[in-house]
>>> print(open('data19.tsv').read())   # TSV, C-alpha atoms
chain	number	residue	atom	x	y	z
J	30	MET	CA	-35.60	-30.15	-36.25
J	31	THR	CA	-39.01	-29.32	-34.86
J	32	SER	CA	-40.07	-27.81	-38.15
J	33	LEU	CA	-39.02	-30.97	-40.01
J	34	ILE	CA	-41.08	-33.14	-37.68
J	35	SER	CA	-44.06	-30.87	-38.17
J	36	LYS	CA	-43.70	-31.17	-41.92
J	37	PHE	CA	-43.38	-34.97	-41.59
J	38	HIS	CA	-46.65	-35.20	-39.65
J	39	ALA	CA	-48.30	-32.90	-42.17
J	40	ARG	CA	-47.26	-35.26	-44.99
J	41	LEU	CA	-48.56	-38.27	-43.09
J	42	ASN	CA	-51.88	-36.54	-42.70
J	43	CYS	CA	-51.87	-35.97	-46.40
J	44	LEU	CA	-51.34	-39.71	-46.94
J	45	ASP	CA	-54.24	-40.47	-44.63
J	46	GLU	CA	-56.42	-38.18	-46.60
J	47	THR	CA	-55.14	-39.71	-49.83
J	48	ALA	CA	-55.86	-43.24	-48.61
J	49	LYS	CA	-59.43	-42.21	-48.16
J	50	LEU	CA	-59.53	-41.33	-51.78
J	51	LEU	CA	-58.35	-44.79	-52.93
J	52	ARG	CA	-61.87	-45.80	-53.57
J	53	LEU	CA	-61.99	-43.03	-56.10
J	54	LEU	CA	-59.15	-44.63	-58.12
J	55	ARG	CA	-61.65	-46.29	-60.37
J	56	ASN	CA	-62.81	-42.85	-61.35
J	57	ASP	CA	-61.09	-40.72	-63.96
J	58	ASP	CA	-59.44	-38.63	-61.25
J	59	GLY	CA	-57.65	-41.69	-59.73
J	60	LYS	CA	-54.42	-41.21	-61.76
J	61	GLN	CA	-54.10	-37.64	-60.56
J	62	GLU	CA	-54.50	-38.73	-56.94
J	63	LEU	CA	-51.79	-41.42	-57.33
J	64	ASN	CA	-49.46	-38.86	-58.83
J	65	SER	CA	-50.07	-36.57	-55.84
J	66	ILE	CA	-49.31	-39.46	-53.42
J	67	LYS	CA	-46.07	-40.14	-55.29
J	68	TRP	CA	-44.80	-36.60	-54.79
J	69	THR	CA	-45.85	-36.66	-51.17
J	70	ILE	CA	-43.73	-39.79	-50.59
J	71	ILE	CA	-40.79	-38.13	-52.34
J	72	ASP	CA	-41.15	-35.13	-50.03
J	73	LEU	CA	-41.25	-37.51	-47.03
J	74	LYS	CA	-38.01	-39.14	-48.15
J	75	VAL	CA	-36.34	-35.74	-48.41
J	76	LEU	CA	-37.60	-34.77	-44.95
J	77	ILE	CA	-36.37	-38.06	-43.47
J	78	ARG	CA	-32.95	-37.52	-45.01
J	79	ASP	CA	-32.79	-33.96	-43.56
J	80	MET	CA	-33.84	-35.31	-40.16
J	81	LYS	CA	-31.01	-37.87	-40.24
J	82	GLU	CA	-28.49	-35.19	-41.12
J	83	ASN	CA	-29.76	-33.00	-38.29
J	84	LEU	CA	-29.54	-35.93	-35.87
J	85	VAL	CA	-25.91	-36.46	-36.84
J	86	LEU	CA	-25.19	-32.76	-36.25
J	87	TRP	CA	-26.93	-32.93	-32.86
J	88	ARG	CA	-24.82	-35.90	-31.83
J	89	GLU	CA	-21.66	-34.12	-32.88
J	90	ASN	CA	-22.67	-31.00	-30.96
J	91	ILE	CA	-23.55	-33.05	-27.89
J	92	GLN	CA	-20.18	-34.83	-28.03
J	93	LYS	CA	-18.37	-31.53	-28.47
J	94	THR	CA	-20.26	-30.05	-25.52
J	95	GLN	CA	-19.31	-33.02	-23.36
J	96	ASP	CA	-15.67	-32.68	-24.41
J	97	ASP	CA	-15.74	-28.95	-23.65
J	98	ASN	CA	-17.32	-29.68	-20.26
J	99	CYS	CA	-14.53	-32.13	-19.44
J	100	SER	CA	-11.95	-29.54	-20.49
J	101	PHE	CA	-13.62	-26.88	-18.33
J	102	GLU	CA	-13.62	-29.21	-15.33
J	103	ALA	CA	-9.91	-29.96	-15.84
J	104	ILE	CA	-9.12	-26.23	-16.11
J	105	ASN	CA	-11.21	-25.48	-13.02
J	106	LYS	CA	-9.33	-28.16	-11.08
J	107	GLU	CA	-5.96	-26.74	-12.14
J	108	LEU	CA	-7.06	-23.22	-11.16
J	109	SER	CA	-8.17	-24.48	-7.74
J	110	LEU	CA	-4.78	-26.11	-7.18
J	111	MET	CA	-3.02	-22.90	-8.23
J	112	MET	CA	-5.15	-20.85	-5.83
J	113	GLU	CA	-4.27	-23.19	-2.98
J	114	LYS	CA	-0.58	-22.80	-3.77
J	115	MET	CA	-0.91	-19.01	-4.01
J	116	LYS	CA	-2.67	-18.58	-0.65
J	117	PRO	CA	0.54	-17.86	1.32
J	118	PHE	CA	1.34	-15.04	-1.12
J	119	ASN	CA	-2.14	-13.52	-1.12
J	120	GLN	CA	-2.09	-12.23	2.47
J	121	PRO	CA	-2.74	-8.49	2.82
J	122	GLU	CA	0.38	-6.35	3.24
J	123	ALA	CA	-0.76	-5.12	6.68
J	124	GLU	CA	-1.10	-8.70	7.92
J	125	GLN	CA	2.36	-9.60	6.61
J	126	GLN	CA	3.82	-6.51	8.31
J	127	LEU	CA	2.09	-7.43	11.56
J	128	LEU	CA	3.52	-10.94	11.42
J	129	SER	CA	6.98	-9.57	10.68
J	130	ASN	CA	6.80	-7.10	13.60
J	131	ARG	CA	5.60	-9.84	15.91
J	132	GLN	CA	8.50	-12.09	14.91
J	133	CYS	CA	10.97	-9.25	15.45
J	134	GLN	CA	9.54	-8.55	18.89
J	135	GLU	CA	9.73	-12.21	19.84
J	136	GLU	CA	13.34	-12.46	18.64
J	137	GLN	CA	14.29	-9.27	20.51
J	138	GLN	CA	12.63	-10.51	23.69
J	139	GLN	CA	14.43	-13.83	23.37
J	140	ARG	CA	17.79	-12.07	22.96
J	141	GLN	CA	17.10	-9.92	26.00
J	142	GLU	CA	16.23	-12.98	28.06
J	143	GLU	CA	19.42	-14.72	26.92
J	144	LEU	CA	21.44	-11.60	27.79
J	145	VAL	CA	19.89	-11.41	31.28
J	146	LEU	CA	20.64	-15.10	31.89
J	147	LYS	CA	24.21	-14.58	30.71
J	148	GLU	CA	24.69	-11.56	32.98
J	149	ASP	CA	23.27	-13.44	35.97
J	150	LYS	CA	25.62	-16.33	35.28
J	151	GLU	CA	28.62	-14.01	35.01
J	152	ASN	CA	27.69	-12.16	38.21
J	153	LYS	CA	27.44	-15.43	40.11
J	154	ASN	CA	30.80	-16.65	38.78
J	155	PRO	CA	33.53	-15.83	41.38
J	156	ASN	CA	36.18	-15.97	38.66
J	157	ASN	CA	34.48	-13.26	36.63
J	158	LYS	CA	37.10	-10.54	36.11
J	159	CYS	CA	34.52	-7.88	35.29
J	160	ALA	CA	32.84	-8.44	38.64
J	161	ALA	CA	36.24	-8.27	40.28
J	162	ALA	CA	36.71	-4.81	38.78
J	163	ALA	CA	34.24	-3.53	41.37
J	164	VAL	CA	37.11	-3.68	43.88
J	165	VAL	CA	38.82	-0.84	42.00
J	166	LYS	CA	38.29	2.50	43.72
J	167	ILE	CA	35.87	4.61	41.69
J	168	ARG	CA	35.37	8.27	42.45
J	169	SER	CA	31.92	9.34	43.57
J	170	LEU	CA	29.94	12.39	44.66
J	171	GLU	CA	29.26	13.06	48.34
J	172	ASN	CA	25.77	13.70	49.62
J	173	LEU	CA	24.74	17.29	50.12
J	174	GLU	CA	24.22	18.42	53.70
J	175	GLU	CA	21.03	20.25	54.53
J	176	ASP	CA	22.81	23.32	55.89
J	177	MET	CA	24.81	23.72	52.68
J	178	PHE	CA	21.70	23.23	50.58
J	179	ASN	CA	19.75	25.87	52.54
J	180	LYS	CA	22.53	28.43	51.92
J	181	LEU	CA	22.23	28.07	48.16
J	182	PRO	CA	20.68	31.03	46.30
J	183	ARG	CA	17.06	30.56	45.38
J	184	HIS	CA	17.75	31.00	41.66
J	185	VAL	CA	20.22	28.09	41.85
J	186	LYS	CA	18.30	25.50	43.82
J	187	LYS	CA	14.94	26.64	42.40
J	188	ARG	CA	12.27	24.14	43.57
J	189	LEU	CA	14.63	21.29	44.39
J	190	THR	CA	14.75	19.72	47.84
J	191	VAL	CA	17.76	18.25	49.62
J	192	GLU	CA	16.14	14.82	49.35
J	193	GLN	CA	15.88	15.18	45.56
J	194	MET	CA	19.50	16.27	45.39
J	195	ASN	CA	20.81	13.31	47.41
J	196	SER	CA	18.63	10.87	45.47
J	197	ALA	CA	20.06	12.26	42.21
J	198	ILE	CA	23.62	12.07	43.61
J	199	ALA	CA	23.07	8.40	44.45
J	200	GLU	CA	21.86	7.81	40.88
J	201	LEU	CA	24.90	9.61	39.44
J	202	ASN	CA	27.25	7.55	41.62
J	203	ASN	CA	25.59	4.41	40.24
J	204	VAL	CA	26.23	5.71	36.72
J	205	LEU	CA	29.93	6.22	37.49
J	206	LYS	CA	30.20	2.81	39.15
J	207	LYS	CA	28.70	0.91	36.21
J	208	LYS	CA	30.56	2.92	33.60
J	209	TYR	CA	34.02	2.51	35.08
J	210	GLU	CA	33.49	-1.14	36.00
J	211	PHE	CA	32.72	-1.64	32.32
J	212	ILE	CA	35.81	0.33	31.24
J	213	ASP	CA	38.08	-1.67	33.59
J	214	CYS	CA	36.75	-5.02	32.35
J	215	PRO	CA	39.37	-7.09	30.43
J	216	LYS	CA	39.02	-6.94	26.65
J	217	LYS	CA	38.73	-10.71	26.27
J	218	ASP	CA	35.61	-10.71	28.47
J	219	LEU	CA	33.78	-8.22	26.22
J	220	SER	CA	31.83	-8.82	23.05
J	221	PHE	CA	32.82	-7.03	19.86
J	222	LYS	CA	29.96	-4.54	20.34
J	223	ASP	CA	31.02	-3.80	23.94
J	224	GLN	CA	34.62	-3.33	22.81
J	225	LYS	CA	33.48	-0.64	20.38
J	226	ILE	CA	31.49	1.11	23.14
J	227	ARG	CA	34.50	1.05	25.48
J	228	ALA	CA	36.73	2.39	22.69
J	229	GLU	CA	34.36	5.38	22.40
J	230	TYR	CA	34.63	5.94	26.18
J	231	ARG	CA	38.42	5.96	25.99
J	232	LYS	CA	38.34	8.24	22.96
J	233	GLU	CA	36.29	10.74	24.97
J	234	ALA	CA	38.77	10.46	27.84
J	235	ILE	CA	41.59	11.41	25.44
J	236	GLU	CA	39.69	14.60	24.62
J	237	LEU	CA	40.13	15.62	28.27
J	238	LYS	CA	43.90	15.23	28.07
J	239	GLY	CA	45.57	18.39	29.38
J	240	THR	CA	42.78	19.02	31.94
J	241	PRO	CA	42.74	17.97	35.60
J	242	TYR	CA	39.62	15.86	35.04
J	243	THR	CA	39.68	12.08	34.61
J	244	THR	CA	36.24	10.97	35.84
J	245	PHE	CA	33.20	12.04	33.86
J	246	PHE	CA	29.86	11.00	32.41
J	247	ASN	CA	27.71	12.29	29.56
J	248	ASP	CA	24.06	12.35	28.52
J	249	ASN	CA	24.33	8.92	26.86
J	250	ASP	CA	25.46	7.46	30.20
J	251	LEU	CA	22.49	9.07	31.96
J	252	ASN	CA	20.08	7.63	29.39
J	253	LYS	CA	21.69	4.21	29.71
J	254	TYR	CA	22.11	3.83	33.48
J	255	THR	CA	19.54	6.11	35.17
J	256	THR	CA	15.79	5.86	35.61
J	257	THR	CA	14.68	9.27	36.96
J	258	LEU	CA	17.17	11.70	35.46
J	259	LYS	CA	16.72	10.45	31.90
J	260	MET	CA	12.97	11.01	32.18
J	261	LYS	CA	13.11	14.49	33.76
J	262	LYS	CA	15.38	16.66	31.65
J	263	ARG	CA	14.58	19.89	33.53
J	264	THR	CA	15.30	18.30	36.91
J	265	LYS	CA	18.60	16.92	35.59
J	266	GLU	CA	19.66	20.37	34.39
J	267	ASP	CA	18.80	21.94	37.79
J	268	ILE	CA	20.76	19.27	39.68
J	269	ILE	CA	23.81	19.70	37.42
J	270	LEU	CA	23.57	23.47	38.01
J	271	VAL	CA	23.64	22.99	41.80
J	272	LEU	CA	26.64	20.62	41.61
J	273	ARG	CA	28.48	23.09	39.41
J	274	HIS	CA	27.65	25.97	41.75
J	275	ILE	CA	29.06	24.22	44.84
J	276	GLY	CA	32.21	23.24	42.92
J	277	ARG	CA	31.76	19.48	42.73
J	278	MET	CA	31.33	19.26	38.99
J	279	LYS	CA	32.64	20.92	35.85
J	280	GLU	CA	30.81	20.96	32.53
J	281	ILE	CA	33.12	20.72	29.52
J	282	ARG	CA	31.90	20.94	25.95
J	283	LYS	CA	34.12	19.15	23.45
J	284	LYS	CA	33.00	18.85	19.85
J	285	SER	CA	29.33	17.73	19.98
J	286	SER	CA	29.59	16.06	23.38
J	287	ILE	CA	28.95	17.53	26.83
J	288	LYS	CA	31.03	15.93	29.58
J	289	TYR	CA	30.11	16.32	33.25
J	290	CYS	CA	33.46	16.00	35.06
J	291	LEU	CA	34.01	15.42	38.78
J	292	LYS	CA	36.35	17.87	40.46
>>> encode(input="data19.tsv", output="structure tokens")
Amino acid sequence: MTSLISKFHARLNCLDETAKLLRLLRNDDGKQELNSIKWTIIDLKVLIRDMKENLVLWRENIQKTQDDNCSFEAINKELSLMMEKMKPFNQPEAEQQLLSNRQCQEEQQQRQEELVLKEDKENKNPNNKCAAAAVVKIRSLENLEEDMFNKLPRHVKKRLTVEQMNSAIAELNNVLKKKYEFIDCPKKDLSFKDQKIRAEYRKEAIELKGTPYTTFFNDNDLNKYTTTLKMKKRTKEDIILVLRHIGRMKEIRKKSSIKYCLK
């Protein structure tokens, strides 16, 4: 387009120059000058026509560009909406895992709180048959006297003290108390999960059929009901050794389970 305009101005300049030569028309060269002006005007017409065609093309291109711009804006808007909708799914996997773990912890804590409230309510209820089971006589271990403890061989008592022994005996008696209160609880007062646990207890008791032992506990009971013995495995083994040595306990291995039976 710029080149056409330049050519147009160049032709106009030619006309200006030609107009100056009008006074020469009376001369013999006048006809030649008029002929030159004629062809210049023809060239101008051609240039004007080309300029019009170019202007039409420019308008079409401008309209097309505007249409494309509108289309791009519409597409950009749709993409923005899609990104907004996809935000919940674009979280990093670690963050999603953290949220999931946090929800699990909150749910577990809530269940524990509900269980504690339920147990407190049952313990306060005088009609609770499980609480009434505490009246049933449950066998227990007697404390160890200091004289008897001092007579034990050194390789048996090792570094234990009589205080440690009696503290462990008190913890074992608590294990027996809780375990057999649970076993004596009526079936209708137990959840389905507790019924399965009690069925396992009774199955283990059947394994002792034919022996003189009826009261026992195992390592699972120690892990469930004790605080010190489950943390100190070596101390637990030494205490069991002492109780076996003085004849208050018998260790029986049946299948994959070790049962510590009271004599």
>>> atom_distance(input="data19.tsv", atom1="atom CA of J:Leu258", atom2="atom CA of J:Leu201")
8.9 Å
>>> closest_residue(input="data19.tsv", among="J:Thr31, J:Gln193, J:Thr244, J:Ser65", to="J:Lys166", atoms="all atoms listed in the file")
J:Thr244
>>> residues_near_point(input="data19.tsv", point="(29.2, 9.8, 30.9)", cutoff="8 Å", atoms="all atoms listed in the file", output="ChimeraX atom specification")
/J:204-205,208,245-251,288-289
>>> axis_aligned_box(input="data19.tsv", around="stretch 222-230 of chain J", padding_each_side="5 Å", output="AutoDock Vina command-line options")
--center_x 33.3 --center_y 0.7 --center_z 23.3 --size_x 16.8 --size_y 20.5 --size_z 15.8
>>> atom_distance(input="data19.tsv", atom1="atom CA of J:Asp79", atom2="atom CA of J:Thr94")
22.3 Å
>>> atom_distance(input="data19.tsv", atom1="atom CA of J:Asn252", atom2="atom CA of J:Val185")
24.0 Å
>>> residues_around(input="data19.tsv", residues="J:Gly276", least_positions_apart="6", cutoff="12 Å", atoms="all atoms listed in the file", output="PDB file with C-alpha atoms, keeping the file's coordinate frame")
ATOM      1  CA  LEU J 170      29.940  12.390  44.660  1.00  0.00           C
ATOM      2  CA  GLU J 171      29.260  13.060  48.340  1.00  0.00           C
ATOM      3  CA  LEU J 173      24.740  17.290  50.120  1.00  0.00           C
ATOM      4  CA  ILE J 269      23.810  19.700  37.420  1.00  0.00           C
ATOM      5  CA  LEU J 270      23.570  23.470  38.010  1.00  0.00           C
ATOM      6  CA  CYS J 290      33.460  16.000  35.060  1.00  0.00           C
ATOM      7  CA  LEU J 291      34.010  15.420  38.780  1.00  0.00           C
ATOM      8  CA  LYS J 292      36.350  17.870  40.460  1.00  0.00           C
TER       9      LYS J 292
END
>>> closest_residue(input="data19.tsv", among="J:Leu189, J:Thr255, J:Ser32, J:Ser100", to="J:Asn83", atoms="only C-alpha atoms")
J:Ser32
>>> residues_near_point(input="data19.tsv", point="(35.2, 2.4, 23.6)", cutoff="12 Å", atoms="all atoms listed in the file", output="PyMOL selection string")
chain J and resi 208-209+211-214+216+219-235
>>> write_last_selection(input="data19.tsv", atoms="C-alpha atoms", output="PDB file, keeping the file's coordinate frame")
ATOM      1  CA  LYS J 208      30.560   2.920  33.600  1.00  0.00           C
ATOM      2  CA  TYR J 209      34.020   2.510  35.080  1.00  0.00           C
ATOM      3  CA  PHE J 211      32.720  -1.640  32.320  1.00  0.00           C
ATOM      4  CA  ILE J 212      35.810   0.330  31.240  1.00  0.00           C
ATOM      5  CA  ASP J 213      38.080  -1.670  33.590  1.00  0.00           C
ATOM      6  CA  CYS J 214      36.750  -5.020  32.350  1.00  0.00           C
ATOM      7  CA  LYS J 216      39.020  -6.940  26.650  1.00  0.00           C
ATOM      8  CA  LEU J 219      33.780  -8.220  26.220  1.00  0.00           C
ATOM      9  CA  SER J 220      31.830  -8.820  23.050  1.00  0.00           C
ATOM     10  CA  PHE J 221      32.820  -7.030  19.860  1.00  0.00           C
ATOM     11  CA  LYS J 222      29.960  -4.540  20.340  1.00  0.00           C
ATOM     12  CA  ASP J 223      31.020  -3.800  23.940  1.00  0.00           C
ATOM     13  CA  GLN J 224      34.620  -3.330  22.810  1.00  0.00           C
ATOM     14  CA  LYS J 225      33.480  -0.640  20.380  1.00  0.00           C
ATOM     15  CA  ILE J 226      31.490   1.110  23.140  1.00  0.00           C
ATOM     16  CA  ARG J 227      34.500   1.050  25.480  1.00  0.00           C
ATOM     17  CA  ALA J 228      36.730   2.390  22.690  1.00  0.00           C
ATOM     18  CA  GLU J 229      34.360   5.380  22.400  1.00  0.00           C
ATOM     19  CA  TYR J 230      34.630   5.940  26.180  1.00  0.00           C
ATOM     20  CA  ARG J 231      38.420   5.960  25.990  1.00  0.00           C
ATOM     21  CA  LYS J 232      38.340   8.240  22.960  1.00  0.00           C
ATOM     22  CA  GLU J 233      36.290  10.740  24.970  1.00  0.00           C
ATOM     23  CA  ALA J 234      38.770  10.460  27.840  1.00  0.00           C
ATOM     24  CA  ILE J 235      41.590  11.410  25.440  1.00  0.00           C
TER      25      ILE J 235
END
>>> build_atoms(input="data19.tsv", residues="stretch 279-290 of chain J", atoms="all heavy atoms", output="PDB file, keeping the file's coordinate frame")
ATOM      1  N   LYS J 279      32.283  19.983  36.905  1.00  0.00           N
ATOM      2  CA  LYS J 279      32.640  20.920  35.850  1.00  0.00           C
ATOM      3  C   LYS J 279      32.039  20.427  34.542  1.00  0.00           C
ATOM      4  O   LYS J 279      32.162  19.258  34.188  1.00  0.00           O
ATOM      5  CB  LYS J 279      34.167  21.000  35.736  1.00  0.00           C
ATOM      6  CG  LYS J 279      34.668  21.834  34.586  1.00  0.00           C
ATOM      7  CD  LYS J 279      34.510  23.316  34.839  1.00  0.00           C
ATOM      8  CE  LYS J 279      35.187  24.130  33.732  1.00  0.00           C
ATOM      9  NZ  LYS J 279      35.018  25.587  33.921  1.00  0.00           N
ATOM     10  N   GLU J 280      31.400  21.324  33.821  1.00  0.00           N
ATOM     11  CA  GLU J 280      30.810  20.960  32.530  1.00  0.00           C
ATOM     12  C   GLU J 280      31.745  21.405  31.420  1.00  0.00           C
ATOM     13  O   GLU J 280      32.066  22.582  31.292  1.00  0.00           O
ATOM     14  CB  GLU J 280      29.438  21.631  32.379  1.00  0.00           C
ATOM     15  CG  GLU J 280      28.705  21.245  31.116  1.00  0.00           C
ATOM     16  CD  GLU J 280      27.323  21.872  31.029  1.00  0.00           C
ATOM     17  OE1 GLU J 280      26.532  21.722  31.980  1.00  0.00           O
ATOM     18  OE2 GLU J 280      27.049  22.525  29.998  1.00  0.00           O
ATOM     19  N   ILE J 281      32.183  20.429  30.609  1.00  0.00           N
ATOM     20  CA  ILE J 281      33.120  20.720  29.520  1.00  0.00           C
ATOM     21  C   ILE J 281      32.466  20.292  28.208  1.00  0.00           C
ATOM     22  O   ILE J 281      32.007  19.159  28.067  1.00  0.00           O
ATOM     23  CB  ILE J 281      34.453  19.970  29.712  1.00  0.00           C
ATOM     24  CG1 ILE J 281      35.145  20.454  30.990  1.00  0.00           C
ATOM     25  CG2 ILE J 281      35.361  20.187  28.498  1.00  0.00           C
ATOM     26  CD1 ILE J 281      36.462  19.761  31.264  1.00  0.00           C
ATOM     27  N   ARG J 282      32.467  21.222  27.273  1.00  0.00           N
ATOM     28  CA  ARG J 282      31.900  20.940  25.950  1.00  0.00           C
ATOM     29  C   ARG J 282      33.039  20.718  24.960  1.00  0.00           C
ATOM     30  O   ARG J 282      33.831  21.610  24.694  1.00  0.00           O
ATOM     31  CB  ARG J 282      31.007  22.094  25.482  1.00  0.00           C
ATOM     32  CG  ARG J 282      29.779  22.269  26.353  1.00  0.00           C
ATOM     33  CD  ARG J 282      28.960  23.475  25.901  1.00  0.00           C
ATOM     34  NE  ARG J 282      27.776  23.633  26.745  1.00  0.00           N
ATOM     35  CZ  ARG J 282      26.582  23.140  26.465  1.00  0.00           C
ATOM     36  NH1 ARG J 282      26.416  22.458  25.340  1.00  0.00           N
ATOM     37  NH2 ARG J 282      25.559  23.338  27.269  1.00  0.00           N
ATOM     38  N   LYS J 283      33.114  19.505  24.435  1.00  0.00           N
ATOM     39  CA  LYS J 283      34.120  19.150  23.450  1.00  0.00           C
ATOM     40  C   LYS J 283      33.415  18.595  22.216  1.00  0.00           C
ATOM     41  O   LYS J 283      32.667  17.619  22.311  1.00  0.00           O
ATOM     42  CB  LYS J 283      35.073  18.095  24.006  1.00  0.00           C
ATOM     43  CG  LYS J 283      36.046  18.630  25.042  1.00  0.00           C
ATOM     44  CD  LYS J 283      37.233  19.317  24.369  1.00  0.00           C
ATOM     45  CE  LYS J 283      38.292  19.690  25.406  1.00  0.00           C
ATOM     46  NZ  LYS J 283      39.480  20.271  24.791  1.00  0.00           N
ATOM     47  N   LYS J 284      33.656  19.247  21.085  1.00  0.00           N
ATOM     48  CA  LYS J 284      33.000  18.850  19.850  1.00  0.00           C
ATOM     49  C   LYS J 284      31.485  18.877  20.055  1.00  0.00           C
ATOM     50  O   LYS J 284      30.920  19.876  20.444  1.00  0.00           O
ATOM     51  CB  LYS J 284      33.492  17.488  19.389  1.00  0.00           C
ATOM     52  CG  LYS J 284      34.977  17.480  19.051  1.00  0.00           C
ATOM     53  CD  LYS J 284      35.440  16.110  18.566  1.00  0.00           C
ATOM     54  CE  LYS J 284      36.915  16.136  18.230  1.00  0.00           C
ATOM     55  NZ  LYS J 284      37.409  14.830  17.758  1.00  0.00           N
ATOM     56  N   SER J 285      30.797  17.758  19.842  1.00  0.00           N
ATOM     57  CA  SER J 285      29.330  17.730  19.980  1.00  0.00           C
ATOM     58  C   SER J 285      28.917  17.086  21.293  1.00  0.00           C
ATOM     59  O   SER J 285      27.736  16.859  21.524  1.00  0.00           O
ATOM     60  CB  SER J 285      28.696  16.970  18.816  1.00  0.00           C
ATOM     61  OG  SER J 285      29.167  15.635  18.798  1.00  0.00           O
ATOM     62  N   SER J 286      29.889  16.789  22.154  1.00  0.00           N
ATOM     63  CA  SER J 286      29.590  16.060  23.380  1.00  0.00           C
ATOM     64  C   SER J 286      29.751  16.980  24.592  1.00  0.00           C
ATOM     65  O   SER J 286      30.675  17.811  24.648  1.00  0.00           O
ATOM     66  CB  SER J 286      30.525  14.846  23.504  1.00  0.00           C
ATOM     67  OG  SER J 286      30.364  14.227  24.772  1.00  0.00           O
ATOM     68  N   ILE J 287      28.850  16.799  25.553  1.00  0.00           N
ATOM     69  CA  ILE J 287      28.950  17.530  26.830  1.00  0.00           C
ATOM     70  C   ILE J 287      29.400  16.524  27.888  1.00  0.00           C
ATOM     71  O   ILE J 287      28.756  15.485  28.091  1.00  0.00           O
ATOM     72  CB  ILE J 287      27.604  18.145  27.230  1.00  0.00           C
ATOM     73  CG1 ILE J 287      27.118  19.098  26.133  1.00  0.00           C
ATOM     74  CG2 ILE J 287      27.727  18.863  28.565  1.00  0.00           C
ATOM     75  CD1 ILE J 287      25.748  19.686  26.396  1.00  0.00           C
ATOM     76  N   LYS J 288      30.491  16.833  28.557  1.00  0.00           N
ATOM     77  CA  LYS J 288      31.030  15.930  29.580  1.00  0.00           C
ATOM     78  C   LYS J 288      30.869  16.584  30.935  1.00  0.00           C
ATOM     79  O   LYS J 288      31.276  17.719  31.143  1.00  0.00           O
ATOM     80  CB  LYS J 288      32.505  15.628  29.289  1.00  0.00           C
ATOM     81  CG  LYS J 288      32.714  14.941  27.937  1.00  0.00           C
ATOM     82  CD  LYS J 288      34.190  14.809  27.619  1.00  0.00           C
ATOM     83  CE  LYS J 288      34.376  14.130  26.262  1.00  0.00           C
ATOM     84  NZ  LYS J 288      33.770  14.905  25.162  1.00  0.00           N
ATOM     85  N   TYR J 289      30.288  15.844  31.883  1.00  0.00           N
ATOM     86  CA  TYR J 289      30.110  16.320  33.250  1.00  0.00           C
ATOM     87  C   TYR J 289      31.230  15.671  34.078  1.00  0.00           C
ATOM     88  O   TYR J 289      31.203  14.481  34.372  1.00  0.00           O
ATOM     89  CB  TYR J 289      28.740  15.904  33.775  1.00  0.00           C
ATOM     90  CG  TYR J 289      27.613  16.374  32.883  1.00  0.00           C
ATOM     91  CD1 TYR J 289      26.949  15.472  32.051  1.00  0.00           C
ATOM     92  CD2 TYR J 289      27.217  17.704  32.846  1.00  0.00           C
ATOM     93  CE1 TYR J 289      25.924  15.905  31.218  1.00  0.00           C
ATOM     94  CE2 TYR J 289      26.182  18.138  32.014  1.00  0.00           C
ATOM     95  CZ  TYR J 289      25.529  17.221  31.206  1.00  0.00           C
ATOM     96  OH  TYR J 289      24.518  17.643  30.392  1.00  0.00           O
ATOM     97  N   CYS J 290      32.235  16.509  34.433  1.00  0.00           N
ATOM     98  CA  CYS J 290      33.460  16.000  35.060  1.00  0.00           C
ATOM     99  C   CYS J 290      33.415  16.262  36.554  1.00  0.00           C
ATOM    100  O   CYS J 290      32.990  17.329  37.019  1.00  0.00           O
ATOM    101  CB  CYS J 290      34.683  16.677  34.470  1.00  0.00           C
ATOM    102  SG  CYS J 290      34.796  16.555  32.677  1.00  0.00           S
TER     103      CYS J 290
END
